[in-house]
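So this one's my_file.txt, compact mmCIF, C-alpha atoms:
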```txt
# COMPACT_ATOMS: atom_id res chain seq x y z
CA MET A 1 69.21 2.51 5.62
CA LEU A 2 66.71 3.04 2.80
CA ALA A 3 65.22 -0.42 3.34
CA PHE A 4 64.90 0.34 7.06
CA ILE A 5 63.03 3.59 6.34
CA LEU A 6 60.70 1.92 3.83
CA ARG A 7 59.95 -0.88 6.27
CA ARG A 8 59.18 1.64 9.00
CA LEU A 9 56.92 3.63 6.68
CA LEU A 10 54.90 0.52 5.80
CA GLN A 11 54.58 -0.33 9.48
CA SER A 12 53.48 3.25 10.17
CA ILE A 13 50.73 3.05 7.56
CA ALA A 14 49.48 -0.20 9.11
CA VAL A 15 49.48 1.42 12.57
CA LEU A 16 47.51 4.43 11.34
CA LEU A 17 44.92 2.21 9.65
CA THR A 18 44.55 0.20 12.86
CA VAL A 19 44.17 3.37 14.96
CA GLY A 20 41.55 4.67 12.54
CA LEU A 21 39.63 1.40 12.59
CA VAL A 22 39.66 1.07 16.39
CA SER A 23 38.71 4.68 17.04
CA PHE A 24 35.95 4.67 14.43
CA SER A 25 34.53 1.40 15.78
CA LEU A 26 34.57 2.58 19.40
CA PHE A 27 32.99 5.94 18.67
CA ARG A 28 30.00 4.35 16.98
CA TYR A 29 28.81 3.35 20.46
CA VAL A 30 29.41 6.70 22.18
CA GLY A 31 25.93 7.97 21.41
CA ASP A 32 23.67 9.31 18.70
CA PRO A 33 25.11 12.60 17.35
CA ILE A 34 21.73 13.58 15.93
CA ASN A 35 20.41 14.14 19.47
CA SER A 36 23.16 16.73 20.05
CA MET A 37 22.50 18.53 16.77
CA VAL A 38 18.73 18.98 16.92
CA GLY A 39 16.18 19.87 19.56
CA GLN A 40 13.78 17.56 21.30
CA ASP A 41 10.85 18.85 19.23
CA THR A 42 12.50 18.14 15.87
CA PRO A 43 10.26 15.92 13.72
CA ALA A 44 11.41 12.41 12.90
CA SER A 45 11.45 13.24 9.18
CA GLU A 46 14.01 16.02 9.71
CA ARG A 47 16.09 13.75 11.89
CA GLU A 48 16.11 11.08 9.20
CA ALA A 49 16.99 13.62 6.50
CA LEU A 50 19.91 14.89 8.56
CA ARG A 51 21.08 11.34 9.22
CA GLU A 52 20.96 10.60 5.49
CA ARG A 53 22.84 13.79 4.61
CA LEU A 54 25.64 12.96 7.07
CA GLY A 55 25.92 9.41 5.73
CA LEU A 56 25.02 7.83 9.08
CA ASN A 57 22.64 5.38 7.39
CA ASP A 58 25.43 3.84 5.34
CA ALA A 59 26.99 0.55 6.36
CA PRO A 60 29.89 0.87 8.86
CA PRO A 61 32.53 -0.36 6.35
CA ILE A 62 31.44 2.28 3.86
CA GLN A 63 31.58 4.99 6.53
CA PHE A 64 35.07 3.84 7.57
CA LEU A 65 36.40 3.76 4.00
CA ARG A 66 34.96 7.21 3.39
CA PHE A 67 36.65 8.49 6.55
CA ILE A 68 40.04 6.96 5.62
CA GLY A 69 39.83 8.29 2.06
CA ASN A 70 39.01 11.79 3.24
CA ALA A 71 41.66 11.65 5.98
CA ALA A 72 44.32 10.76 3.40
CA GLN A 73 43.40 14.02 1.64
CA GLY A 74 43.43 16.01 4.86
CA LYS A 75 39.64 16.16 5.00
CA PHE A 76 37.90 15.04 8.18
CA GLY A 77 34.39 16.18 7.39
CA LEU A 78 32.18 18.54 9.38
CA SER A 79 31.75 18.67 13.12
CA TYR A 80 28.39 17.34 14.27
CA ARG A 81 28.37 19.95 17.02
CA THR A 82 29.31 23.16 15.18
CA SER A 83 29.02 22.18 11.48
CA GLU A 84 32.55 23.57 10.95
CA PRO A 85 35.33 21.74 9.07
CA VAL A 86 37.08 19.46 11.55
CA GLY A 87 40.51 20.11 10.05
CA ARG A 88 40.16 23.83 10.58
CA MET A 89 38.98 23.35 14.17
CA ILE A 90 42.02 21.22 14.98
CA LEU A 91 44.48 23.57 13.25
CA GLU A 92 43.11 26.52 15.21
CA ARG A 93 43.77 24.75 18.53
CA LEU A 94 46.89 22.78 17.63
CA PRO A 95 49.36 25.66 18.26
CA ALA A 96 48.21 25.94 21.88
CA THR A 97 48.77 22.23 22.53
CA LEU A 98 52.12 22.11 20.70
CA GLU A 99 53.50 25.11 22.58
CA LEU A 100 52.35 23.71 25.92
CA SER A 101 53.85 20.29 25.14
CA PHE A 102 57.10 21.86 23.92
CA CYS A 103 57.51 23.89 27.12
CA ALA A 104 56.70 20.85 29.26
CA ALA A 105 59.27 18.76 27.34
CA VAL A 106 61.96 21.44 27.69
CA PHE A 107 61.23 21.71 31.42
CA ALA A 108 61.41 17.93 31.89
CA LEU A 109 64.56 17.53 29.78
CA PHE A 110 66.66 20.42 31.09
CA VAL A 111 65.75 19.80 34.72
CA GLY A 112 65.34 16.02 34.80
CA VAL A 113 68.57 15.06 33.01
CA PRO A 114 70.90 17.21 35.21
CA MET A 115 69.12 15.92 38.32
CA GLY A 116 69.56 12.35 37.09
CA VAL A 117 73.26 12.92 36.39
CA TYR A 118 73.82 14.47 39.82
CA THR A 119 71.97 11.77 41.74
CA GLY A 120 73.80 9.11 39.70
CA LEU A 121 77.23 10.56 40.42
CA TYR A 122 76.54 11.24 44.11
CA PRO A 123 73.92 8.62 45.08
CA LYS A 124 74.65 8.74 48.82
CA HIS A 125 74.72 12.51 49.22
CA TRP A 126 71.87 13.99 51.26
CA SER A 127 70.84 16.28 48.41
CA SER A 128 70.51 13.27 46.08
CA ARG A 129 68.33 11.50 48.59
CA LEU A 130 66.20 14.64 48.91
CA MET A 131 65.78 14.87 45.12
CA GLN A 132 64.71 11.24 44.95
CA ALA A 133 62.18 11.78 47.73
CA VAL A 134 60.76 14.88 46.04
CA SER A 135 60.62 13.07 42.71
CA LEU A 136 58.10 10.65 44.20
CA ILE A 137 55.58 13.50 44.08
CA GLY A 138 55.70 13.52 40.30
CA ILE A 139 54.89 9.81 40.20
CA SER A 140 52.45 9.51 43.09
CA LEU A 141 50.15 12.49 42.62
CA PRO A 142 47.70 12.57 39.69
CA THR A 143 48.15 15.36 37.17
CA PHE A 144 44.94 17.15 38.04
CA VAL A 145 45.87 17.22 41.75
CA ILE A 146 49.26 18.76 40.95
CA GLY A 147 47.57 21.36 38.74
CA ILE A 148 45.03 22.29 41.38
CA LEU A 149 47.73 22.60 44.06
CA LEU A 150 49.83 24.87 41.82
CA ILE A 151 46.79 27.03 41.10
CA LEU A 152 46.01 27.24 44.81
CA VAL A 153 49.53 28.31 45.78
CA PHE A 154 50.71 30.51 42.91
CA ALA A 155 47.41 31.91 41.61
CA VAL A 156 45.07 32.06 44.61
CA TRP A 157 47.42 32.62 47.55
CA LEU A 158 50.39 34.43 46.01
CA HIS A 159 48.69 35.99 42.94
CA TRP A 160 51.87 35.53 40.94
CA LEU A 161 50.56 33.63 37.92
CA PRO A 162 47.24 33.28 36.06
CA SER A 163 45.12 30.25 36.83
CA PHE A 164 43.53 29.61 33.42
CA GLY A 165 43.65 30.47 29.73
CA ARG A 166 46.50 31.28 27.34
CA GLY A 167 46.82 34.92 28.30
CA GLU A 168 47.90 37.37 25.63
CA THR A 169 48.99 35.92 22.28
CA VAL A 170 50.54 37.31 19.10
CA MET A 171 49.67 36.03 15.62
CA LEU A 172 52.62 34.63 13.64
CA PHE A 173 52.47 34.08 9.87
CA GLY A 174 48.82 35.09 9.97
CA TRP A 175 47.58 31.80 11.48
CA TRP A 176 49.77 30.72 14.45
CA PRO A 177 48.86 32.37 17.78
CA THR A 178 51.89 32.16 20.07
CA ASN A 179 52.48 32.77 23.77
CA PHE A 180 56.23 33.21 23.40
CA LEU A 181 56.22 36.90 22.42
CA THR A 182 54.24 38.39 25.31
CA ILE A 183 54.88 38.55 29.05
CA LYS A 184 51.34 37.49 29.96
CA GLY A 185 51.50 34.66 27.47
CA LEU A 186 54.72 33.34 28.99
CA GLN A 187 53.28 33.66 32.48
CA ALA A 188 50.23 31.65 31.42
CA LEU A 189 52.51 28.85 30.20
CA ILE A 190 54.37 28.32 33.49
CA LEU A 191 51.84 26.47 35.64
CA PRO A 192 50.41 24.14 32.97
CA SER A 193 53.90 23.36 31.65
CA ILE A 194 55.12 22.34 35.11
CA THR A 195 51.96 20.30 35.68
CA LEU A 196 52.28 18.48 32.37
CA GLY A 197 56.05 17.96 32.51
CA LEU A 198 56.48 16.93 36.15
CA PHE A 199 55.84 13.22 35.56
CA GLN A 200 58.19 13.17 32.55
CA LEU A 201 60.82 15.02 34.60
CA THR A 202 60.68 12.35 37.29
CA LEU A 203 60.83 9.59 34.70
CA LEU A 204 63.88 11.07 32.97
CA MET A 205 65.63 11.73 36.27
CA ARG A 206 65.23 8.15 37.45
CA LEU A 207 66.21 6.74 34.06
CA VAL A 208 69.40 8.83 33.80
CA ARG A 209 70.27 8.04 37.41
CA SER A 210 69.96 4.28 36.91
CA GLU A 211 71.92 4.42 33.64
CA MET A 212 74.67 6.52 35.21
CA LEU A 213 74.98 4.13 38.17
CA GLU A 214 75.27 1.18 35.78
CA VAL A 215 77.78 2.87 33.47
CA MET A 216 80.00 4.05 36.35
CA ARG A 217 80.48 0.39 37.37
CA THR A 218 81.70 -0.76 33.94
CA ASP A 219 85.28 -1.74 33.19
CA TYR A 220 86.03 1.00 30.68
CA ILE A 221 85.24 3.66 33.30
CA LYS A 222 87.72 1.96 35.63
CA PHE A 223 90.31 1.93 32.84
CA ALA A 224 89.65 5.62 32.16
CA ARG A 225 90.34 6.40 35.82
CA ALA A 226 93.49 4.28 35.70
CA ARG A 227 94.69 6.32 32.71
CA GLY A 228 94.45 9.44 34.85
CA LEU A 229 91.52 11.13 33.10
CA THR A 230 89.79 13.87 35.03
CA ASN A 231 86.41 13.29 36.63
CA ARG A 232 84.87 15.81 34.24
CA ALA A 233 86.14 13.91 31.19
CA ILE A 234 85.01 10.57 32.63
CA ASN A 235 81.58 11.71 33.80
CA PHE A 236 80.56 13.80 30.80
CA GLY A 237 82.83 12.59 28.02
CA HIS A 238 82.34 8.85 28.56
CA ALA A 239 79.63 8.00 31.09
CA LEU A 240 76.96 10.50 30.07
CA LYS A 241 77.44 9.79 26.36
CA ASN A 242 76.59 6.12 26.88
CA THR A 243 73.29 6.97 28.57
CA LEU A 244 71.99 8.89 25.52
CA VAL A 245 70.35 5.97 23.67
CA PRO A 246 67.73 5.10 26.32
CA VAL A 247 67.24 8.79 27.08
CA ILE A 248 66.50 9.51 23.42
CA THR A 249 64.01 6.65 23.35
CA VAL A 250 62.12 7.78 26.42
CA THR A 251 62.27 11.47 25.48
CA GLY A 252 60.83 10.79 22.04
CA LEU A 253 58.03 8.60 23.33
CA GLN A 254 57.25 10.99 26.17
CA LEU A 255 57.01 13.91 23.74
CA GLY A 256 54.19 12.07 22.01
CA ALA A 257 52.68 11.25 25.39
CA LEU A 258 52.79 14.93 26.38
CA ILE A 259 50.73 15.85 23.34
CA ALA A 260 48.35 12.92 23.71
CA PHE A 261 47.79 13.23 27.46
CA ALA A 262 47.62 17.01 27.67
CA ILE A 263 43.86 16.54 27.93
CA VAL A 264 43.82 16.60 31.74
CA THR A 265 46.13 19.61 32.00
CA GLU A 266 44.18 21.54 29.38
CA THR A 267 40.95 20.80 31.24
CA VAL A 268 42.33 21.92 34.62
CA PHE A 269 43.78 25.18 33.24
CA ALA A 270 41.05 25.81 30.62
CA TRP A 271 43.81 25.74 28.01
CA PRO A 272 42.25 26.10 24.53
CA GLY A 273 44.05 23.19 22.87
CA VAL A 274 43.03 20.08 20.96
CA GLY A 275 42.76 18.11 24.20
CA GLN A 276 40.00 20.37 25.46
CA LEU A 277 38.36 20.15 22.02
CA PHE A 278 38.40 16.36 22.33
CA ILE A 279 36.71 16.47 25.74
CA GLN A 280 33.98 18.74 24.36
CA SER A 281 33.53 16.40 21.41
CA VAL A 282 33.08 13.40 23.71
CA GLN A 283 30.31 15.24 25.58
CA PHE A 284 28.44 15.92 22.32
CA SER A 285 29.25 12.60 20.56
CA ASP A 286 31.09 14.52 17.85
CA ILE A 287 32.51 11.47 16.07
CA PRO A 288 34.44 13.26 13.25
CA VAL A 289 36.39 15.38 15.73
CA MET A 290 37.17 12.45 18.04
CA ALA A 291 38.31 10.22 15.20
CA ALA A 292 40.42 12.99 13.65
CA TYR A 293 42.04 13.69 17.04
CA LEU A 294 43.08 10.08 17.52
CA MET A 295 44.36 9.89 13.95
CA LEU A 296 46.44 13.01 14.63
CA ILE A 297 47.87 11.53 17.83
CA GLY A 298 48.62 8.27 16.04
CA LEU A 299 50.42 10.18 13.26
CA LEU A 300 52.50 12.13 15.81
CA PHE A 301 53.54 8.94 17.61
CA VAL A 302 54.48 7.29 14.30
CA LEU A 303 56.60 10.27 13.22
CA ILE A 304 58.29 10.54 16.62
CA ASN A 305 59.10 6.82 16.70
CA LEU A 306 60.55 7.01 13.18
CA THR A 307 62.68 10.00 14.19
CA VAL A 308 63.92 8.19 17.31
CA ASP A 309 64.85 5.12 15.28
CA LEU A 310 66.84 7.27 12.84
CA LEU A 311 68.62 9.02 15.71
CA TYR A 312 69.84 5.62 16.91
CA PHE A 313 72.08 5.45 13.85
CA VAL A 314 73.60 8.81 14.76
CA VAL A 315 74.12 8.16 18.47
CA ASP A 316 74.90 4.44 18.67
CA PRO A 317 77.84 3.36 16.46
CA ARG A 318 77.00 -0.32 17.08
CA LEU A 319 73.88 -0.02 14.92
CA ARG A 320 75.88 1.49 12.06
CA SER A 321 78.47 -1.27 12.31
CA GLN A 322 75.72 -3.91 12.30
CA GLY A 323 74.24 -2.31 9.21
CA GLY A 324 77.64 -2.30 7.51
CA ALA A 325 78.26 -5.93 8.49
CA ALA A 326 74.85 -6.88 7.07
CA ARG A 327 75.68 -5.20 3.76
CA VAL A 328 79.04 -6.98 3.58
CA ALA A 329 77.39 -10.30 4.34
CA GLY A 330 74.80 -9.64 1.64
CA HIS A 331 77.54 -9.23 -0.95
```

Any chance you could put this one into structure tokens?
Amino acid sequence: MLAFILRRLLQSIAVLLTVGLVSFSLFRYVGDPINSMVGQDTPASEREALRERLGLNDAPPIQFLRFIGNAAQGKFGLSYRTSEPVGRMILERLPATLELSFCAAVFALFVGVPMGVYTGLYPKHWSSRLMQAVSLIGISLPTFVIGILLILVFAVWLHWLPSFGRGETVMLFGWWPTNFLTIKGLQALILPSITLGLFQLTLLMRLVRSEMLEVMRTDYIKFARARGLTNRAINFGHALKNTLVPVITVTGLQLGALIAFAIVTETVFAWPGVGQLFIQSVQFSDIPVMAAYLMLIGLLFVLINLTVDLLYFVVDPRLRSQGGAARVAGH
């Protein structure tokens, strides 16, 4: 187990270095950040002095090593657009993105999994066919179209929910603004959470359905029925338990995807998260913010993948037995 964790950590470091190198190399061709920081009438001497102060005249390898060294210390430099510390800018907006992604994940998990179980147990029922037909919406329609339609119906026509912003927030621990403690904040979360989580809901539903259909055809389910076990014990005590491994995999990866791809949802709903900050940084060629954002997303994916791999040992006894067999063989 310890060797597995160490191997995963080394792989994670290599992944983060690769993400940093790729993002830093790509962003060098986005544009000249000096043009976004100064006016058109700024003399060439001032432009050159600013370029020298920011280290833009250094060789690319030196700039990359400086970025990696600072990132390892939690320092991402100053924003070219606002001259503020990049780390502070991301931390100020990170709570909004994390709360939105958490709500979208809860919505997808607690709605998608029961729908998948139901459609897997009763595949020929008319309600199952209806759910499968409706689920095509989550796959077929782009995220921004779903968001705009929800705004049109629930904000413009019905006036039930707000169409943009976080609403009212409360400060926790002196630095974490949360939506969870106010009515308006919770209302502001509903539409963007549904928009962001609808695709993941459809994905989980179809995955659980296919796994349930496959498990219900196995021999041990037939033997369980022959022993006289109730349908409840068979469906939830045996069949559902054996679908957890792929569900954990997809859920973990999709949680990282929710955070990474919240950009579109945050743009549609003017949600003040790190995704919207990234879009603004692209418009102004703010390289430190863009590189720090991708490094953050890469770190989140690495941590989520490591957590999913560790959960395998808890859920799947075959992996534990393989590990024990390997140790015995080693001795």

Find the spatial neighbours of segment 288-296 of chain A, counting all atoms listed in the file, within a cut-off of 6 Å - ignore same-chain residues fewer than 4 positions away - and output them as an MDAnalysis selection string.
chainID A and resid 23 86 278

Out of A:Ile287, A:Met115, A:Ala108, A:Leu300, which residue has the shortest atom-to-atom distance to Leu253 of chain A when counting only C-alpha atoms?
A:Leu300

Residues near Ile259 of chain A, cut-off 12 Å, only C-alpha atoms, skip fewer than 4 positions along chain, as a PyMOL selection string
chain A and resi 94-105+193+196-197+252-255+263-266+273-276+293-294+296-301+304

What's the 12 Å shell around segment 74-79 of chain A, counting all atoms listed in the file, without same-chain residues fewer than 4 positions away, as a compact mmCIF listing (two decimals) with C-alpha atoms, in the frame of the given file?
```txt
# COMPACT_ATOMS: atom_id res chain seq x y z
CA GLY A 20 41.55 4.67 12.54
CA PRO A 33 25.11 12.60 17.35
CA ILE A 34 21.73 13.58 15.93
CA SER A 36 23.16 16.73 20.05
CA MET A 37 22.50 18.53 16.77
CA ARG A 53 22.84 13.79 4.61
CA LEU A 54 25.64 12.96 7.07
CA GLY A 55 25.92 9.41 5.73
CA GLN A 63 31.58 4.99 6.53
CA PHE A 64 35.07 3.84 7.57
CA ARG A 66 34.96 7.21 3.39
CA PHE A 67 36.65 8.49 6.55
CA ILE A 68 40.04 6.96 5.62
CA GLY A 69 39.83 8.29 2.06
CA ASN A 70 39.01 11.79 3.24
CA SER A 83 29.02 22.18 11.48
CA GLU A 84 32.55 23.57 10.95
CA PRO A 85 35.33 21.74 9.07
CA VAL A 86 37.08 19.46 11.55
CA GLY A 87 40.51 20.11 10.05
CA ARG A 88 40.16 23.83 10.58
CA MET A 89 38.98 23.35 14.17
CA ILE A 90 42.02 21.22 14.98
CA LEU A 91 44.48 23.57 13.25
CA LEU A 277 38.36 20.15 22.02
CA PHE A 278 38.40 16.36 22.33
CA GLN A 280 33.98 18.74 24.36
CA SER A 281 33.53 16.40 21.41
CA VAL A 282 33.08 13.40 23.71
CA PHE A 284 28.44 15.92 22.32
CA SER A 285 29.25 12.60 20.56
CA ASP A 286 31.09 14.52 17.85
CA ILE A 287 32.51 11.47 16.07
CA PRO A 288 34.44 13.26 13.25
CA VAL A 289 36.39 15.38 15.73
CA MET A 290 37.17 12.45 18.04
CA ALA A 291 38.31 10.22 15.20
CA ALA A 292 40.42 12.99 13.65
CA TYR A 293 42.04 13.69 17.04
CA LEU A 294 43.08 10.08 17.52
CA MET A 295 44.36 9.89 13.95
CA LEU A 296 46.44 13.01 14.63
```

Write out as a VMD selection string which residues come within 12 Å of Met131 of chain A when counting all atoms listed in the file, dropping same-chain ones fewer than 3 positions away.
chain A and resid 111 to 112 114 to 120 122 to 128 134 to 138 201 to 202 205 to 206 209

Near-Trp176 of chain A list (8 Å; only C-alpha atoms; drop same-chain fewer than 3 positions) as a ChimeraX atom specification:
/A:92,95,171-173

Expressed in Å to a single decimal, how great is the separation between atom CA of Ile234 of chain A and atom CA of Val250 of chain A?
23.9 Å

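Restricting the calculation to all atoms listed in the file, the smallest distance between Leu17 of chain A and any of A:Leu150, A:Asn35, A:Val302, A:Val308 is found for A:Val302.
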
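Minimum distance to Pro60 of chain A across A:Gln283, A:Ser45, A:Ser25, A:Thr195 (counting only C-alpha atoms) occurs at A:Ser25.
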
Kindly give the distance, in Å, that separates atom CA of Phe164 of chain A and atom CA of Ala260 of chain A, rounded to a single decimal.
19.9 Å

Length of the atom CA of Ala72 of chain A to atom CA of Val15 of chain A vector [Å]:
14.1 Å

Enclose all atoms of segment 40-43 of chain A listed in the file in an axis-aligned box, grow every side by 8 Å, and hand back centre and edge lengths in Å to one decimal, as lines of an AutoDock Vina configuration file.
```
center_x = 12.0
center_y = 17.4
center_z = 17.5
size_x = 19.5
size_y = 18.9
size_z = 23.6
```

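Counting all atoms listed in the file, the residue from A:Gly228, A:Pro162, A:Pro61, A:Pro43 that sits nearest to Pro192 of chain A is A:Pro162.
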